Each structure stands twice: as structure tokens, then as C-alpha cells.
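Text of work37.cif (mmCIF, C-alpha atoms (C1' of nucleotides)) as supplied:
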```
data_model
loop_
_atom_site.label_atom_id
_atom_site.label_comp_id
_atom_site.auth_asym_id
_atom_site.auth_seq_id
_atom_site.Cartn_x
_atom_site.Cartn_y
_atom_site.Cartn_z
CA MET A 1 0.00 0.00 0.00
CA PRO A 2 2.12 2.79 1.27
CA GLU A 3 3.83 5.31 -0.99
CA LEU A 4 5.14 8.78 -0.14
CA ALA A 5 2.00 10.33 1.32
CA GLU A 6 0.68 7.17 2.97
CA VAL A 7 4.05 6.75 4.68
CA GLU A 8 3.80 10.34 5.92
CA PHE A 9 0.34 9.66 7.30
CA TYR A 10 1.50 6.54 9.17
CA ARG A 11 4.63 8.23 10.50
CA LYS A 12 2.50 10.90 12.13
CA GLN A 13 0.34 8.32 13.88
CA TRP A 14 3.21 7.45 16.19
CA ASP A 15 3.82 11.12 17.00
CA ALA A 16 1.12 10.68 19.65
CA GLY A 17 3.86 9.01 21.68
CA LEU A 18 6.52 11.72 21.34
CA ARG A 19 8.33 12.70 24.58
CA ALA A 20 7.01 9.63 26.40
CA LYS A 21 9.09 6.71 27.65
CA ILE A 22 9.09 3.23 26.19
CA LEU A 23 8.20 0.90 29.06
CA SER A 24 8.59 -2.32 27.13
CA VAL A 25 9.10 -3.70 23.66
CA GLU A 26 7.26 -6.70 22.24
CA LEU A 27 8.24 -8.20 18.91
CA HIS A 28 8.02 -11.29 16.75
CA ALA A 29 11.78 -11.75 16.43
CA ARG A 30 11.69 -14.55 13.88
CA LYS A 31 9.53 -12.76 11.36
CA ARG A 32 11.00 -11.65 8.09
CA VAL A 33 10.56 -7.94 8.84
CA PHE A 34 13.51 -8.22 11.24
CA ARG A 35 15.79 -9.88 8.67
CA GLY A 36 19.41 -9.21 9.45
CA GLY A 37 18.31 -7.15 12.40
CA LYS A 38 19.45 -7.00 15.98
CA THR A 39 16.24 -7.69 17.81
CA ARG A 40 17.89 -8.28 21.17
CA GLU A 41 19.77 -4.98 20.96
CA LEU A 42 16.61 -3.22 19.84
CA ARG A 43 14.65 -4.49 22.82
CA GLN A 44 17.39 -3.75 25.35
CA HIS A 45 18.17 -0.24 24.17
CA LEU A 46 14.67 1.00 23.48
CA THR A 47 13.29 -0.18 26.80
CA GLY A 48 13.46 2.81 29.12
CA SER A 49 14.37 5.28 26.39
CA ARG A 50 12.28 8.26 25.38
CA PHE A 51 10.76 8.75 21.91
CA THR A 52 12.09 12.12 20.76
CA GLU A 53 11.69 12.60 17.02
CA SER A 54 10.39 11.11 13.78
CA SER A 55 11.15 11.78 10.14
CA ALA A 56 10.56 10.30 6.71
CA ARG A 57 12.37 10.34 3.39
CA GLY A 58 10.57 8.77 0.50
CA LYS A 59 9.16 5.52 1.84
CA GLN A 60 11.70 5.24 4.65
CA MET A 61 10.99 6.33 8.20
CA LEU A 62 13.35 7.01 11.06
CA PHE A 63 12.31 7.22 14.70
CA ARG A 64 14.74 8.64 17.24
CA PHE A 65 14.97 7.71 20.89
CA SER A 66 17.05 9.10 23.75
CA GLY A 67 20.45 7.61 24.43
CA GLY A 68 21.44 7.46 20.76
CA ASN A 69 18.84 4.95 19.58
CA TRP A 70 17.34 4.87 16.11
CA LEU A 71 14.56 2.75 14.69
CA GLY A 72 14.19 2.52 10.92
CA LEU A 73 10.90 1.32 9.44
CA HIS A 74 9.81 0.48 5.94
CA LEU A 75 6.19 -0.49 5.38
CA GLY A 76 6.69 -2.72 2.34
CA MET A 77 3.44 -3.65 0.63
CA SER A 78 1.13 -4.06 3.58
CA GLY A 79 2.67 -2.35 6.61
CA THR A 80 0.84 0.15 8.81
CA LEU A 81 1.59 2.13 11.94
CA ARG A 82 -1.07 2.92 14.48
CA VAL A 83 -1.69 3.72 18.11
CA GLU A 84 -3.66 1.47 20.44
CA PRO A 85 -4.71 1.77 24.10
CA ALA A 86 -2.09 0.91 26.75
CA GLU A 87 -3.56 -2.51 27.50
CA PHE A 88 -3.69 -3.57 23.84
CA ARG A 89 -2.82 -7.23 23.11
CA PRO A 90 -0.92 -7.62 19.84
CA GLU A 91 -2.47 -9.81 17.16
CA LYS A 92 -0.91 -12.20 14.70
CA HIS A 93 0.47 -9.56 12.30
CA ASP A 94 1.47 -6.95 14.91
CA HIS A 95 5.20 -7.66 14.74
CA LEU A 96 6.50 -4.74 16.79
CA LEU A 97 4.88 -3.00 19.71
CA LEU A 98 6.33 -0.20 21.84
CA ARG A 99 4.47 0.17 25.09
CA GLN A 100 4.12 3.53 26.81
CA VAL A 101 2.13 4.47 29.92
CA ARG A 102 -0.84 5.81 28.00
CA ARG A 103 -0.67 3.93 24.68
CA ALA A 104 0.95 1.27 22.54
CA LEU A 105 2.71 2.10 19.26
CA VAL A 106 2.07 -0.73 16.82
CA PHE A 107 3.70 -1.83 13.57
CA ARG A 108 1.59 -4.34 11.62
CA ASP A 109 2.58 -6.07 8.41
CA PRO A 110 0.66 -9.13 7.16
CA ARG A 111 2.76 -9.68 4.03
CA LEU A 112 6.10 -9.19 5.79
CA PHE A 113 7.71 -7.21 2.97
CA GLY A 114 8.32 -4.37 5.39
CA ARG A 115 11.50 -3.95 7.37
CA VAL A 116 12.57 -2.95 10.87
CA ARG A 117 16.12 -1.77 11.52
CA PHE A 118 17.87 -0.65 14.64
CA HIS A 119 20.96 1.46 15.18
CA HIS A 120 22.73 2.48 18.36
CA GLY A 121 25.05 5.45 18.07
CA LYS A 122 25.35 9.18 18.30
CA ALA A 123 24.87 10.01 14.62
CA THR A 124 22.10 8.98 12.25
CA PRO A 125 22.41 5.36 11.04
CA PRO A 126 24.65 4.58 8.05
CA TRP A 127 21.65 3.29 6.14
CA TRP A 128 19.87 6.62 6.53
CA SER A 129 20.88 8.35 3.32
CA MET A 130 18.77 9.15 0.35
CA ALA A 131 18.45 10.89 -2.98
CA PRO A 132 17.09 14.46 -3.03
CA GLU A 133 13.47 14.55 -2.03
CA ILE A 134 10.97 15.46 -4.72
CA SER A 135 9.84 18.50 -2.76
CA SER A 136 13.40 19.82 -2.37
CA ALA A 137 15.24 22.39 -4.47
CA ASP A 138 17.80 19.69 -5.36
CA PHE A 139 15.19 17.81 -7.34
CA ASN A 140 15.86 20.19 -10.22
CA ALA A 141 15.83 19.83 -14.00
CA ASN A 142 19.51 18.91 -14.15
CA TYR A 143 19.19 16.24 -11.51
CA VAL A 144 16.18 14.63 -13.22
CA ALA A 145 17.79 14.81 -16.66
CA GLU A 146 20.95 13.13 -15.39
CA PHE A 147 19.04 10.38 -13.63
CA LEU A 148 16.94 9.68 -16.71
CA ARG A 149 20.07 9.59 -18.86
CA ARG A 150 21.58 6.87 -16.71
CA HIS A 151 18.54 4.71 -17.38
CA SER A 152 17.95 5.58 -21.00
CA ARG A 153 17.20 2.04 -22.19
CA ALA A 154 14.61 1.25 -19.52
CA PRO A 155 10.90 2.04 -19.86
CA ILE A 156 10.06 5.30 -18.09
CA LYS A 157 7.55 3.54 -15.83
CA ALA A 158 10.33 1.38 -14.37
CA VAL A 159 12.58 4.41 -13.87
CA LEU A 160 9.93 6.32 -11.93
CA LEU A 161 9.83 3.42 -9.47
CA LEU A 162 13.56 3.64 -8.66
CA GLN A 163 13.80 4.96 -5.13
CA HIS A 164 17.29 6.40 -5.55
CA GLY A 165 15.94 8.76 -8.20
CA PHE A 166 12.28 9.31 -7.34
CA PRO A 167 12.09 8.64 -3.58
CA GLY A 168 8.58 7.82 -2.47
CA VAL A 169 7.07 7.13 -5.88
CA GLY A 170 5.26 3.78 -6.03
CA ASN A 171 3.01 2.06 -8.49
CA TRP A 172 -0.07 4.26 -8.28
CA MET A 173 1.95 7.49 -8.20
CA ALA A 174 3.99 6.45 -11.22
CA ASP A 175 0.83 5.79 -13.25
CA GLU A 176 -0.69 9.06 -12.07
CA ILE A 177 2.46 11.00 -13.04
CA LEU A 178 2.69 9.41 -16.51
CA TRP A 179 -0.98 10.03 -17.19
CA ARG A 180 -0.70 13.70 -16.22
CA ALA A 181 2.49 14.18 -18.22
CA LYS A 182 0.84 12.38 -21.18
CA VAL A 183 3.72 9.94 -21.55
CA ALA A 184 3.29 6.27 -22.49
CA PRO A 185 4.62 4.05 -19.67
CA ALA A 186 6.58 1.74 -22.00
CA LYS A 187 8.42 4.62 -23.68
CA ARG A 188 12.19 4.18 -23.45
CA THR A 189 13.52 6.93 -21.21
CA GLY A 190 16.15 7.94 -23.75
CA ALA A 191 13.44 8.52 -26.37
CA LEU A 192 11.61 11.17 -24.36
CA THR A 193 11.52 14.69 -25.80
CA SER A 194 12.69 17.57 -23.63
CA THR A 195 9.08 18.73 -23.44
CA GLN A 196 8.08 15.34 -22.07
CA VAL A 197 10.89 15.38 -19.51
CA ARG A 198 9.75 18.80 -18.35
CA ALA A 199 6.16 17.58 -18.10
CA LEU A 200 7.27 14.53 -16.13
CA ARG A 201 9.16 16.54 -13.55
CA ARG A 202 6.29 18.96 -13.21
CA ALA A 203 3.75 16.13 -12.80
CA THR A 204 6.01 14.37 -10.30
CA ARG A 205 6.17 17.45 -8.12
CA PHE A 206 2.46 18.10 -8.46
CA VAL A 207 1.33 14.56 -7.60
CA SER A 208 3.77 14.41 -4.67
CA SER A 209 2.79 17.70 -3.10
CA GLU A 210 -0.94 17.21 -3.60
CA ALA A 211 -0.80 13.66 -2.27
CA MET A 212 1.11 14.90 0.78
CA ARG A 213 -1.44 17.63 1.36
CA ILE A 214 -4.51 15.43 0.92
CA ILE A 215 -3.55 11.84 1.78
CA GLY A 216 -0.65 12.71 4.07
CA ARG A 217 -2.84 14.87 6.29
CA ASP A 218 -5.70 12.52 7.09
CA PHE A 219 -5.86 9.87 4.38
CA SER A 220 -8.51 11.82 2.46
CA ASP A 221 -9.29 10.86 -1.14
CA PRO A 222 -7.67 12.86 -3.94
CA PRO A 223 -10.15 14.63 -6.30
CA ARG A 224 -12.34 12.51 -8.56
CA SER A 225 -10.34 13.79 -11.53
CA TRP A 226 -7.30 11.71 -10.49
CA LEU A 227 -6.42 8.46 -12.23
CA ILE A 228 -5.98 6.66 -8.91
CA HIS A 229 -9.72 6.11 -8.57
CA GLU A 230 -9.94 4.27 -11.89
CA ARG A 231 -6.69 2.31 -11.88
CA TRP A 232 -7.84 -1.01 -10.46
CA LYS A 233 -11.56 -0.83 -11.15
CA ALA A 234 -12.90 -3.35 -13.59
CA GLY A 235 -13.92 -1.11 -16.48
CA GLY A 236 -11.81 1.80 -15.22
CA ILE A 237 -11.92 4.82 -17.53
CA CYS A 238 -9.69 7.77 -18.29
CA PRO A 239 -10.95 10.75 -16.26
CA ARG A 240 -10.29 13.01 -19.27
CA HIS A 241 -11.80 11.00 -22.11
CA LYS A 242 -14.01 8.46 -20.36
CA THR A 243 -12.38 5.85 -22.59
CA PRO A 244 -11.42 2.48 -21.09
CA LEU A 245 -7.93 2.26 -19.59
CA THR A 246 -5.37 -0.18 -20.94
CA ARG A 247 -3.54 -2.57 -18.60
CA GLY A 248 -0.21 -4.27 -18.93
CA THR A 249 2.91 -5.26 -17.05
CA ILE A 250 5.73 -2.75 -17.41
CA GLY A 251 8.83 -2.74 -15.28
CA GLY A 252 7.45 -5.85 -13.60
CA ARG A 253 4.41 -4.03 -12.26
CA THR A 254 0.80 -3.80 -13.34
CA THR A 255 0.35 -0.54 -15.17
CA ALA A 256 -2.80 1.28 -16.26
CA TRP A 257 -2.84 4.03 -18.86
CA CYS A 258 -4.97 5.81 -21.47
CA THR A 259 -3.81 5.18 -25.03
CA LYS A 260 -5.52 8.38 -26.15
CA CYS A 261 -3.71 10.63 -23.62
CA GLN A 262 -0.52 8.60 -23.70
CA PRO A 263 0.10 7.39 -27.26
CA GLU A 264 3.21 5.33 -28.00
"C1'" DG B 1 -7.10 -23.60 -6.38
"C1'" DG B 2 -4.88 -19.78 -8.95
"C1'" DA B 3 -3.77 -15.15 -9.83
"C1'" DG B 4 -2.49 -10.97 -8.36
"C1'" DA B 5 -1.63 -7.22 -4.87
"C1'" DT B 6 0.28 0.82 -3.88
"C1'" DG B 7 7.82 -3.11 -2.65
"C1'" DT B 8 12.62 -4.31 -2.36
"C1'" DT B 9 16.47 -7.39 -2.93
"C1'" DT B 10 19.09 -10.55 -5.37
"C1'" DC B 11 20.87 -12.66 -9.22
"C1'" DA B 12 22.28 -13.38 -13.97
"C1'" DA B 13 22.81 -11.62 -18.45
"C1'" DG B 14 23.94 -7.90 -21.57
"C1'" DG C 1 31.31 -1.77 -13.25
"C1'" DC C 2 26.77 -0.44 -14.54
"C1'" DT C 3 22.06 -1.33 -16.25
"C1'" DT C 4 18.15 -4.26 -16.94
"C1'" DG C 5 14.63 -7.67 -16.11
"C1'" DA C 6 12.95 -11.68 -13.79
"C1'" DA C 7 12.41 -14.25 -9.73
"C1'" DA C 8 11.90 -14.59 -4.87
"C1'" DC C 9 10.07 -13.19 -0.61
"C1'" DA C 10 4.82 -14.24 2.69
"C1'" DT C 11 0.11 -13.65 3.18
"C1'" DC C 12 -4.37 -12.39 2.00
"C1'" DT C 13 -8.29 -11.63 -1.10
"C1'" DC C 14 -11.06 -12.21 -5.09
#
```

Mind turning this structure into C-alpha cells?
Amino acid sequence: MPELAEVEFYRKQWDAGLRAKILSVELHARKRVFRGGKTRELRQHLTGSRFTESSARGKQMLFRFSGGNWLGLHLGMSGTLRVEPAEFRPEKHDHLLLRQVRRALVFRDPRLFGRVRFHHGKATPPWWSMAPEISSADFNANYVAEFLRRHSRAPIKAVLLLQHGFPGVGNWMADEILWRAKVAPAKRTGALTSTQVRALRRATRFVSSEAMRIIGRDFSDPPRSWLIHERWKAGGICPRHKTPLTRGTIGGRTTAWCTKCQPE
DNA sequence: GGAGATGTTTCAAG
DNA sequence: GCTTGAAACATCTC
């Protein structure tokens, strides 16, 4: 599920627990979400620490705790973060639970494609580094052009999904961006005109900022005019033309587009 | 029962 | 060494 704005929404859920102590940590240590992770260290260090700060970059989240403790979370395909009452009993898919006096912070992930990481140290973890965020000044025309050039033989849909170039963009956002920029998803990146590249960057920034504003705030629905509402529907139509959408697999992912808006 | 799902990593080939 | 594409990962839903 979660892309840029959904991740932002979930991150903020845990902010209810800011400044409060972690009384205890409960986790399903053998689950895949902890792969390669130091669950014992995580439990020992977080217990008794205070939750001080949270941030997100693309789909990655970082939660900071007193004493130089950092928790990294990725939601994968089906992860969510939420807050439950203090006496909450975790269920089957609630793989990590941080207990505070007044609440429990819960990470759930049925499909286990998400990931939990832990780092103990003064500075931010070594794995916390990322490409320029879409909303930043560094995500400029030169940066985008250079990234596209490096992937000139790949279909543009696949390139939009690369997190080290377009952090936070996932399957629905990529389709939304391509539809707005009127670019066919299978188009080889190197074959794009400069007008199309400009349109893509513009659409990327627009979809990101609007999604953050609407979905990121309270999980509201984007306007009816967005492609997202038609993408998976049987008989989904282009919001512009009311013509049926085309479906196919591009870059290994199901893709929906309008052949009238986005001709080859 | 089978296919597919809003993601990333790994591996092999070019 | 870099890019690309397919498979693998685990579970649920239609």
C-alpha cells in the first residue's frame, strides 16, 4: 500500500507518543521484517528510552529515541503504523509493539515485505541516506535529466519506481504521473523529448505535493479527476476521455494508462 | 485452487 | 562496473 503520502500519514500516527518513555518492547523476532536485524539490541536499548523525534524520506521512516537509539521502518506492501490503548494485546500480524504508559505504538505487516532496523550510536544510522526529495530544491531539471540519462534504455515507468531517483514514488503514483504528463509508460527513457521530460518533472512534483497535502494529512481521497480512482476498477476509464484504460505489465508491475492521452 | 496485490532485494545476463 | 529484467520473498483476497 504505502507510498510517499501514505508513509507520511502513518509516520504521524506514532507522533502521539513523542516525549514519552518506552516501558517495554514486544516483537516477533523470527519474522522476516527483522531480517538481518538485531532484535535483542533493539529491545534492550529501546526499553526505558524516550521517543524524541520522527522523520521520513521517501518511503523510509526514522524514529529517534534518547540515548542514541534509532529505529528505521519500511512499510513494504502491507505495513501500517497505528496507536492502540495501553492494555492492547498484539495480534498475529502486529510484529512490533512499543508500550508507553498511556498507549501502545504498533507496527503491523501481514505480508512481511516491510522492514525494521535498529541502530545504536550518536549520529544517524549509516543506512539513513537518500536521494534528493521530490519537494526539495535539489530535485531540479539537471538532476532529473541526469538520472533519466543513466537509465535511458529502460521504460520510463520502471525508472519512476527507482527509489534512488524518485524517492517515495510507487506504483499508483507512477501511473498518475505518466498520465498527467501524457507519456506512455513503456516509452524508453532515452526517447523522451525535452518537453516530455519537463512535463514529467512537473507532474512528479504536483502529484507528490498534492498527495502529501490530501492523503498525508488525514488519508482523504484525492479529487475525482485523479487516475488513482480508476486504476484497479474493472472497467476503469480515463478521467479526461471516459475511454477504457489499458492494462499491462511494465517494469514488472501492473500498469494502467490511457492510449488516447498517452500514445506510444 | 490460482492469480495478483500501492515493494525491495538478489541474481544473472547484456 | 553499470544497467536491466525476472524471480523470490509471505500472506491475504477475489

Practice task
Quick one: apply the PyMOL selection byres ((chain B) within 9 of (chain A)) to the file and drop the selected residues here as a list in words.
Solution key: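 That selection, the PyMOL selection byres ((chain B) within 9 of (chain A)), comes back as DA5, DT6, DG7 and DT8 of chain B.
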
Can I get the residues of chain C within 10 Å of chain A, each with the closest pair of atoms and their distance in Å to one decimal, using all atoms listed in the file, sorted chain first then ascending number, as CSV?
```
residue,atom,partner,partner_atom,distance
C:DC2,C1',A:Arg150,CA,9.2
C:DT3,C1',A:His151,CA,7.1
C:DT4,C1',A:Ala154,CA,7.0
C:DG5,C1',A:Gly251,CA,7.7
C:DA6,C1',A:Gly252,CA,8.0
C:DC9,C1',A:Phe113,CA,7.4
C:DA10,C1',A:Arg111,CA,5.2
C:DT11,C1',A:Arg111,CA,4.8
C:DC12,C1',A:Arg111,CA,7.9
```

Exercise for the section: Name the residues captured by the PyMOL selection byres ((chain A and resi 181) around 9) when it is applied to the shown file; answer as a PyMOL selection string. Expected result: chain A and resi 176-180+182-183+196-204+261-262

Exercise for the section: Please check which residues have atoms at most 12 Å from (-2.0, -14.3, -10.4) in the file's coordinates, counting all atoms listed in the file, and write them as a PyMOL selection string. Expected result: (chain A and resi 254) or (chain B and resi 1-5) or (chain C and resi 13-14)

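Atom CA of Phe219 of chain A lies 18.5 Å from atom CA of Trp232 of chain A.
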
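Computed from the coordinates, the atom CA of Glu146 of chain A to atom CA of Ser194 of chain A distance equals 12.5 Å.
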
Practice task
Evaluate the PyMOL selection byres ((chain A and resi 7) around 9) and record the selected residues as number ranges by chain, following the chain and residue labels used in the document.
Solution key: A: 2-6, 8-12, 56, 58-61, 74-75, 80-81, 168, 216

Exercise for the section: Quick one: pull the distance between atom CA of Trp128 of chain A and atom CA of Arg57 of chain A, Å, one decimal. Expected result: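 That distance, rounded to one decimal, is 8.9 Å.
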
Exercise for the section: Please identify all polymer residues lying at most 9 Å from the point (15.5, -17.4, -7.2) (file coordinates), using only C-alpha atoms (C1' of nucleotides), and present the result as a list of chain:residue names. Expected result: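 Result, sorted by chain then residue number: B:DT10, B:DC11, C:DA7, C:DA8.
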
Exercise for the section: Find the residues near Arg102 of chain A: any atom within 10 Å, counting all atoms listed in the file, skip ones fewer than 4 places away on the same chain, and give them as an NGL selection string. Expected result: :A and (16-17 or 20-21 or 84-87)

Problem - Ile156 of chain A surroundings by all atoms listed in the file, 6 Å radius, close-in-sequence under 3 positions cut, as a PyMOL selection string - result: chain A and resi 159+185+187-189

Reconstruct N, CA and C atoms of segment 232-248 of chain A; output as a short mmCIF file (atom, residue, chain, number, x, y, z; two decimals), in the frame of the given file.
```
data_model
loop_
_atom_site.label_atom_id
_atom_site.label_comp_id
_atom_site.auth_asym_id
_atom_site.auth_seq_id
_atom_site.Cartn_x
_atom_site.Cartn_y
_atom_site.Cartn_z
N TRP A 232 -7.64 0.42 -10.69
CA TRP A 232 -7.84 -1.01 -10.46
C TRP A 232 -9.27 -1.46 -10.76
N LYS A 233 -10.16 -0.49 -10.89
CA LYS A 233 -11.56 -0.83 -11.15
C LYS A 233 -11.69 -1.66 -12.41
N ALA A 234 -12.52 -2.68 -12.35
CA ALA A 234 -12.90 -3.35 -13.59
C ALA A 234 -13.65 -2.29 -14.40
N GLY A 235 -13.27 -2.14 -15.65
CA GLY A 235 -13.92 -1.11 -16.48
C GLY A 235 -13.50 0.30 -16.12
N GLY A 236 -12.32 0.47 -15.54
CA GLY A 236 -11.81 1.80 -15.22
C GLY A 236 -11.65 2.65 -16.47
N ILE A 237 -11.97 3.93 -16.36
CA ILE A 237 -11.92 4.82 -17.53
C ILE A 237 -10.99 6.00 -17.29
N CYS A 238 -10.51 6.58 -18.37
CA CYS A 238 -9.69 7.77 -18.29
C CYS A 238 -10.54 8.95 -17.82
N PRO A 239 -10.15 9.63 -16.75
CA PRO A 239 -10.95 10.75 -16.26
C PRO A 239 -11.11 11.87 -17.29
N ARG A 240 -10.19 11.96 -18.25
CA ARG A 240 -10.29 13.01 -19.27
C ARG A 240 -11.27 12.61 -20.38
N HIS A 241 -11.07 11.39 -20.91
CA HIS A 241 -11.80 11.00 -22.11
C HIS A 241 -12.94 10.04 -21.88
N LYS A 242 -13.00 9.49 -20.67
CA LYS A 242 -14.01 8.46 -20.36
C LYS A 242 -13.82 7.21 -21.22
N THR A 243 -12.66 7.06 -21.82
CA THR A 243 -12.38 5.85 -22.59
C THR A 243 -11.75 4.81 -21.66
N PRO A 244 -11.94 3.52 -21.97
CA PRO A 244 -11.42 2.48 -21.09
C PRO A 244 -9.89 2.54 -20.99
N LEU A 245 -9.37 2.29 -19.80
CA LEU A 245 -7.93 2.26 -19.59
C LEU A 245 -7.36 0.96 -20.12
N THR A 246 -6.10 1.01 -20.51
CA THR A 246 -5.37 -0.18 -20.94
C THR A 246 -4.52 -0.68 -19.77
N ARG A 247 -4.38 -2.00 -19.67
CA ARG A 247 -3.54 -2.57 -18.60
C ARG A 247 -2.43 -3.42 -19.18
N GLY A 248 -1.32 -3.42 -18.50
CA GLY A 248 -0.21 -4.27 -18.93
C GLY A 248 0.84 -4.32 -17.84
#
```
